[in-house]
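Structure record follows, encoded as structure tokens.
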Amino acid sequence: MTTEIPLDSPLLHTTTLAATPKGAAICRRIARRQLTAWGLNSTHTESFHSALLVVAELAANAITHGRVPGRGFELHLALTTTARRGTTLRIAISDPRGDRIPLLPTTLTPNAQSGRGLTLIHALCDRWGTLPRHPNAKTVWAELDLTAPDAA
């Protein structure tokens with residue numbers, strides 16, 4: 001994987017939250033507030049709403065599948081511009097369960113109790129994946145390439 005040098009300084013936001021349903025709700029509110037502060041709600045409305053769905057799914061997965069008692073999870077947001085991709089929004093959620101790597105389900109049955117969240121992330125994002133974190137944690141990330149701003 002090659003790393004591009006951003007054309008400008010990336011806009012970054014990181015928050016640590018409790019691995020509880022309340023922590024996931026706060027995560028969604030923080031993401032909405034930060035993306036609004038960056039102006040995505042008015043310039044890239046479709047990407048803004050897609051990003052909020054992705055944050056909701058990743059936060060729900062972190063508190064459901066990545067929870068370790070007494071440890072929280074982290075929300076990372078980054079908005080960068082590079083020559084090759086243009087502007088990209090990267091959403092990442094880090095949790096302490098590095099032994100539970102999410103996999104995209106190959107099939108979903110109507111009665112399946114899980115798997116739809118990753119399918120949704122796969123459909124909404126341009127790229128997504130996981131990265132290991134030391135000592136036994138992981139980061140699940142998703143990227144949305146932002147097109148030209150929406151017409152007013």
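A note on labels: chains of the structure tokens are A, B, ... as shown, every chain counts residues from 1, and ligands are counted from 1 in their shown order.
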- Query: Can you list, as a VMD selection string, every protein, DNA or RNA residue that comes within 7 Å of A:Thr87 when you count only C-alpha atoms, leaving out same-chain residues fewer than 5 positions away?
  - Reply: chain A and resid 79 to 82 145 to 146
Kindly save the residues from that selection, with C-alpha atoms included, as a short mmCIF file (atom, residue, chain, number, x, y, z; two decimals), in the first residue's frame.
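Dumped to result20.cif:
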```cif
data_model
loop_
_atom_site.label_atom_id
_atom_site.label_comp_id
_atom_site.auth_asym_id
_atom_site.auth_seq_id
_atom_site.Cartn_x
_atom_site.Cartn_y
_atom_site.Cartn_z
CA LEU A 79 -10.61 14.68 5.76
CA THR A 80 -7.65 14.79 3.36
CA THR A 81 -6.99 15.94 -0.18
CA THR A 82 -4.45 14.21 -2.41
CA ASP A 145 -14.19 9.73 -1.97
CA LEU A 146 -15.92 13.09 -2.09
#
```
- Item | Distance query A:Ala137 at most 9 Å, only C-alpha atoms, self and fewer than 3 positions along chain excluded, as number ranges by chain | A: 66, 94-100, 131-134
- Item | Residues flagged strand (DSSP E or B) by DSSP in chain A, as number ranges by chain | A: 11-17, 73-82, 86-95, 127-133, 137-146
Could those residues be written to a file, using N, CA and C atoms, as a CSV table (one decimal), in the first residue's frame?
```csv
chain,number,residue,atom,x,y,z
A,11,LEU,N,-7.7,17.5,8.0
A,11,LEU,CA,-8.6,17.8,9.1
A,11,LEU,C,-8.8,16.5,9.9
A,12,LEU,N,-8.5,16.5,11.2
A,12,LEU,CA,-8.5,15.3,12.0
A,12,LEU,C,-9.4,15.5,13.2
A,13,HIS,N,-10.0,14.4,13.7
A,13,HIS,CA,-10.8,14.4,14.9
A,13,HIS,C,-10.7,13.0,15.5
A,14,THR,N,-10.4,12.9,16.8
A,14,THR,CA,-10.3,11.6,17.5
A,14,THR,C,-11.0,11.8,18.8
A,15,THR,N,-11.8,10.8,19.2
A,15,THR,CA,-12.5,10.8,20.5
A,15,THR,C,-12.5,9.4,21.0
A,16,THR,N,-12.3,9.2,22.3
A,16,THR,CA,-12.4,7.9,23.0
A,16,THR,C,-13.8,7.9,23.7
A,17,LEU,N,-14.5,6.8,23.6
A,17,LEU,CA,-15.9,6.7,24.1
A,17,LEU,C,-16.0,5.3,24.9
A,73,PHE,N,-13.8,2.5,23.1
A,73,PHE,CA,-13.4,2.4,21.7
A,73,PHE,C,-13.1,3.9,21.2
A,74,GLU,N,-12.5,4.0,20.1
A,74,GLU,CA,-12.1,5.3,19.6
A,74,GLU,C,-12.7,5.6,18.2
A,75,LEU,N,-13.2,6.8,18.0
A,75,LEU,CA,-13.6,7.3,16.7
A,75,LEU,C,-12.6,8.2,16.1
A,76,HIS,N,-12.2,7.9,14.9
A,76,HIS,CA,-11.2,8.7,14.2
A,76,HIS,C,-11.9,9.2,12.9
A,77,LEU,N,-11.8,10.5,12.7
A,77,LEU,CA,-12.3,11.1,11.4
A,77,LEU,C,-11.2,11.9,10.8
A,78,ALA,N,-11.0,11.7,9.5
A,78,ALA,CA,-10.0,12.5,8.8
A,78,ALA,C,-10.5,12.9,7.4
A,79,LEU,N,-10.2,14.1,7.1
A,79,LEU,CA,-10.6,14.7,5.8
A,79,LEU,C,-9.3,15.1,5.1
A,80,THR,N,-8.9,14.5,4.0
A,80,THR,CA,-7.7,14.8,3.4
A,80,THR,C,-7.9,15.0,1.9
A,81,THR,N,-7.0,15.7,1.3
A,81,THR,CA,-7.0,15.9,-0.2
A,81,THR,C,-5.6,15.5,-0.7
A,82,THR,N,-5.7,14.7,-1.7
A,82,THR,CA,-4.5,14.2,-2.4
A,82,THR,C,-4.6,14.4,-3.9
A,86,GLY,N,-8.2,13.1,-4.8
A,86,GLY,CA,-9.0,14.3,-4.5
A,86,GLY,C,-9.3,14.3,-3.0
A,87,THR,N,-10.5,14.7,-2.6
A,87,THR,CA,-10.8,14.7,-1.2
A,87,THR,C,-11.4,13.4,-0.7
A,88,THR,N,-10.9,12.9,0.4
A,88,THR,CA,-11.4,11.6,1.0
A,88,THR,C,-11.7,11.8,2.4
A,89,LEU,N,-12.9,11.3,2.8
A,89,LEU,CA,-13.3,11.2,4.2
A,89,LEU,C,-12.9,9.8,4.7
A,90,ARG,N,-12.1,9.7,5.7
A,90,ARG,CA,-11.8,8.4,6.3
A,90,ARG,C,-12.4,8.3,7.7
A,91,ILE,N,-13.2,7.3,7.9
A,91,ILE,CA,-13.9,7.0,9.2
A,91,ILE,C,-13.2,5.7,9.7
A,92,ALA,N,-12.8,5.8,11.0
A,92,ALA,CA,-12.2,4.6,11.6
A,92,ALA,C,-12.7,4.5,13.0
A,93,ILE,N,-12.9,3.2,13.4
A,93,ILE,CA,-13.3,2.9,14.8
A,93,ILE,C,-12.3,1.8,15.3
A,94,SER,N,-11.7,2.1,16.4
A,94,SER,CA,-10.7,1.2,17.0
A,94,SER,C,-11.3,0.6,18.2
A,95,ASP,N,-11.2,-0.7,18.4
A,95,ASP,CA,-11.7,-1.4,19.6
A,95,ASP,C,-10.7,-2.4,20.1
A,127,ARG,N,-13.8,2.2,-0.2
A,127,ARG,CA,-12.9,1.2,0.4
A,127,ARG,C,-13.2,1.0,1.8
A,128,TRP,N,-12.9,-0.1,2.4
A,128,TRP,CA,-13.0,-0.4,3.8
A,128,TRP,C,-12.0,-1.6,4.1
A,129,GLY,N,-11.7,-1.7,5.3
A,129,GLY,CA,-10.8,-2.8,5.8
A,129,GLY,C,-10.5,-2.7,7.2
A,130,THR,N,-9.5,-3.5,7.7
A,130,THR,CA,-9.1,-3.6,9.1
A,130,THR,C,-7.6,-3.4,9.2
A,131,LEU,N,-7.2,-2.9,10.3
A,131,LEU,CA,-5.8,-2.8,10.6
A,131,LEU,C,-5.6,-3.3,12.0
A,132,PRO,N,-4.5,-4.1,12.2
A,132,PRO,CA,-4.2,-4.5,13.6
A,132,PRO,C,-3.7,-3.3,14.4
A,133,ARG,N,-3.9,-3.3,15.7
A,133,ARG,CA,-3.3,-2.3,16.6
A,133,ARG,C,-2.7,-3.0,17.8
A,137,ALA,N,-5.6,-5.3,19.5
A,137,ALA,CA,-6.8,-4.4,19.2
A,137,ALA,C,-6.8,-4.4,17.6
A,138,LYS,N,-7.9,-3.7,17.2
A,138,LYS,CA,-8.0,-3.5,15.7
A,138,LYS,C,-8.7,-2.2,15.4
A,139,THR,N,-8.5,-1.7,14.2
A,139,THR,CA,-9.2,-0.6,13.7
A,139,THR,C,-9.9,-1.0,12.4
A,140,VAL,N,-11.2,-0.7,12.3
A,140,VAL,CA,-12.0,-0.9,11.1
A,140,VAL,C,-12.2,0.4,10.5
A,141,TRP,N,-11.8,0.6,9.3
A,141,TRP,CA,-11.8,1.9,8.6
A,141,TRP,C,-12.6,1.8,7.3
A,142,ALA,N,-13.1,2.9,6.9
A,142,ALA,CA,-13.9,3.1,5.7
A,142,ALA,C,-13.6,4.4,5.1
A,143,GLU,N,-13.5,4.5,3.8
A,143,GLU,CA,-13.2,5.7,3.1
A,143,GLU,C,-14.3,6.0,2.1
A,144,LEU,N,-14.7,7.3,2.0
A,144,LEU,CA,-15.6,7.8,1.0
A,144,LEU,C,-14.9,8.9,0.2
A,145,ASP,N,-14.8,8.7,-1.1
A,145,ASP,CA,-14.2,9.7,-2.0
A,145,ASP,C,-15.3,10.8,-2.2
A,146,LEU,N,-14.9,12.0,-1.9
A,146,LEU,CA,-15.9,13.1,-2.1
A,146,LEU,C,-15.8,13.7,-3.5
```
- Query: Hey, what does DSSP flag as helix (DSSP H, G or I) within chain A? Can you give it to me as number ranges by chain?
  - Reply: A: 21-37, 40-43, 45-65, 116-124
Selection above as a file: N, CA and C atoms, as a short mmCIF file (atom, residue, chain, number, x, y, z; two decimals), in the first residue's frame:
```cif
data_model
loop_
_atom_site.label_atom_id
_atom_site.label_comp_id
_atom_site.auth_asym_id
_atom_site.auth_seq_id
_atom_site.Cartn_x
_atom_site.Cartn_y
_atom_site.Cartn_z
N PRO A 21 -24.06 1.22 24.71
CA PRO A 21 -25.01 1.83 23.77
C PRO A 21 -25.00 3.36 23.86
N LYS A 22 -24.86 3.92 25.06
CA LYS A 22 -24.80 5.37 25.21
C LYS A 22 -23.54 5.92 24.53
N GLY A 23 -22.42 5.20 24.65
CA GLY A 23 -21.18 5.61 23.98
C GLY A 23 -21.34 5.62 22.47
N ALA A 24 -22.06 4.63 21.93
CA ALA A 24 -22.31 4.58 20.49
C ALA A 24 -23.19 5.75 20.05
N ALA A 25 -24.18 6.10 20.86
CA ALA A 25 -25.05 7.24 20.54
C ALA A 25 -24.26 8.54 20.57
N ILE A 26 -23.39 8.70 21.57
CA ILE A 26 -22.55 9.89 21.64
C ILE A 26 -21.62 9.94 20.44
N CYS A 27 -21.09 8.80 20.03
CA CYS A 27 -20.21 8.72 18.86
C CYS A 27 -20.92 9.25 17.62
N ARG A 28 -22.17 8.85 17.42
CA ARG A 28 -22.93 9.33 16.27
C ARG A 28 -23.12 10.85 16.33
N ARG A 29 -23.43 11.37 17.51
CA ARG A 29 -23.62 12.82 17.65
C ARG A 29 -22.32 13.59 17.41
N ILE A 30 -21.21 13.07 17.92
CA ILE A 30 -19.92 13.72 17.71
C ILE A 30 -19.58 13.74 16.22
N ALA A 31 -19.79 12.61 15.54
CA ALA A 31 -19.50 12.53 14.10
C ALA A 31 -20.36 13.53 13.33
N ARG A 32 -21.64 13.60 13.65
CA ARG A 32 -22.54 14.55 12.97
C ARG A 32 -22.05 15.98 13.19
N ARG A 33 -21.69 16.30 14.43
CA ARG A 33 -21.23 17.65 14.74
C ARG A 33 -19.92 17.97 14.00
N GLN A 34 -18.98 17.01 13.98
CA GLN A 34 -17.69 17.28 13.34
C GLN A 34 -17.83 17.39 11.82
N LEU A 35 -18.59 16.50 11.21
CA LEU A 35 -18.78 16.57 9.76
C LEU A 35 -19.52 17.84 9.36
N THR A 36 -20.43 18.30 10.22
CA THR A 36 -21.13 19.57 9.98
C THR A 36 -20.15 20.73 10.11
N ALA A 37 -19.27 20.67 11.11
CA ALA A 37 -18.26 21.73 11.28
C ALA A 37 -17.35 21.81 10.07
N LEU A 40 -19.57 19.37 5.46
CA LEU A 40 -20.02 18.30 4.56
C LEU A 40 -21.54 18.19 4.47
N ASN A 41 -22.25 18.64 5.50
CA ASN A 41 -23.72 18.57 5.45
C ASN A 41 -24.30 19.46 4.37
N SER A 42 -23.58 20.52 3.99
CA SER A 42 -24.10 21.41 2.96
C SER A 42 -23.39 21.26 1.62
N THR A 43 -22.15 20.78 1.61
CA THR A 43 -21.41 20.66 0.35
C THR A 43 -21.45 19.27 -0.26
N THR A 45 -23.95 16.43 0.63
CA THR A 45 -25.03 15.90 1.46
C THR A 45 -25.15 14.37 1.39
N GLU A 46 -25.01 13.80 0.22
CA GLU A 46 -25.12 12.34 0.12
C GLU A 46 -24.00 11.66 0.88
N SER A 47 -22.78 12.13 0.72
CA SER A 47 -21.65 11.57 1.45
C SER A 47 -21.79 11.80 2.95
N PHE A 48 -22.33 12.94 3.33
CA PHE A 48 -22.57 13.25 4.75
C PHE A 48 -23.48 12.21 5.37
N HIS A 49 -24.59 11.91 4.72
CA HIS A 49 -25.54 10.94 5.27
C HIS A 49 -24.98 9.52 5.21
N SER A 50 -24.24 9.20 4.15
CA SER A 50 -23.59 7.89 4.08
C SER A 50 -22.59 7.74 5.22
N ALA A 51 -21.82 8.79 5.47
CA ALA A 51 -20.82 8.74 6.54
C ALA A 51 -21.48 8.52 7.90
N LEU A 52 -22.61 9.16 8.14
CA LEU A 52 -23.30 8.98 9.41
C LEU A 52 -23.78 7.54 9.58
N LEU A 53 -24.26 6.93 8.50
CA LEU A 53 -24.65 5.51 8.56
C LEU A 53 -23.44 4.62 8.85
N VAL A 54 -22.33 4.91 8.21
CA VAL A 54 -21.11 4.12 8.43
C VAL A 54 -20.65 4.25 9.87
N VAL A 55 -20.64 5.46 10.41
CA VAL A 55 -20.26 5.66 11.81
C VAL A 55 -21.18 4.86 12.72
N ALA A 56 -22.47 4.91 12.47
CA ALA A 56 -23.44 4.18 13.30
C ALA A 56 -23.16 2.68 13.27
N GLU A 57 -22.91 2.12 12.09
CA GLU A 57 -22.66 0.69 11.98
C GLU A 57 -21.35 0.29 12.65
N LEU A 58 -20.29 1.07 12.41
CA LEU A 58 -19.00 0.73 13.01
C LEU A 58 -19.03 0.86 14.53
N ALA A 59 -19.71 1.88 15.03
CA ALA A 59 -19.84 2.04 16.48
C ALA A 59 -20.66 0.90 17.09
N ALA A 60 -21.73 0.52 16.42
CA ALA A 60 -22.54 -0.60 16.90
C ALA A 60 -21.72 -1.89 16.92
N ASN A 61 -20.92 -2.11 15.89
CA ASN A 61 -20.07 -3.31 15.86
C ASN A 61 -19.04 -3.26 16.98
N ALA A 62 -18.48 -2.08 17.25
CA ALA A 62 -17.47 -1.97 18.31
C ALA A 62 -18.04 -2.32 19.67
N ILE A 63 -19.26 -1.88 19.97
CA ILE A 63 -19.82 -2.17 21.29
C ILE A 63 -20.43 -3.57 21.36
N THR A 64 -20.75 -4.15 20.22
CA THR A 64 -21.35 -5.49 20.20
C THR A 64 -20.29 -6.58 20.09
N HIS A 65 -19.38 -6.44 19.13
CA HIS A 65 -18.41 -7.50 18.85
C HIS A 65 -17.00 -7.18 19.33
N ARG A 116 -25.53 -7.60 8.20
CA ARG A 116 -26.06 -6.55 7.32
C ARG A 116 -25.26 -5.25 7.43
N GLY A 117 -24.70 -4.97 8.59
CA GLY A 117 -23.95 -3.74 8.78
C GLY A 117 -22.74 -3.65 7.87
N LEU A 118 -21.96 -4.72 7.80
CA LEU A 118 -20.79 -4.71 6.92
C LEU A 118 -21.20 -4.68 5.45
N THR A 119 -22.31 -5.30 5.12
CA THR A 119 -22.81 -5.25 3.75
C THR A 119 -23.18 -3.81 3.40
N LEU A 120 -23.78 -3.10 4.33
CA LEU A 120 -24.12 -1.69 4.13
C LEU A 120 -22.86 -0.85 3.97
N ILE A 121 -21.87 -1.06 4.82
CA ILE A 121 -20.60 -0.33 4.72
C ILE A 121 -19.94 -0.59 3.38
N HIS A 122 -19.94 -1.84 2.96
CA HIS A 122 -19.34 -2.21 1.67
C HIS A 122 -20.04 -1.49 0.52
N ALA A 123 -21.34 -1.33 0.61
CA ALA A 123 -22.10 -0.67 -0.45
C ALA A 123 -21.92 0.85 -0.46
N LEU A 124 -21.77 1.46 0.71
CA LEU A 124 -21.71 2.91 0.81
C LEU A 124 -20.32 3.49 0.59
#
```
- Item | One-decimal distance in Å that lies between atom CA of A:Leu103 and atom CA of A:Ala18 | 23.9 Å
- Task: Could you check how far atom CA of A:Gly72 sits from atom CA of A:Ala19, in Å to one decimal?
- Result: 4.7 Å
- Rank A:Thr147, A:Thr109, A:Thr20, A:Asn136 by their smallest atom-to-atom distance to A:Pro69, using only C-alpha atoms, and report the top residue only.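 Of the candidates, the smallest distance to A:Pro69 is held by A:Thr20.
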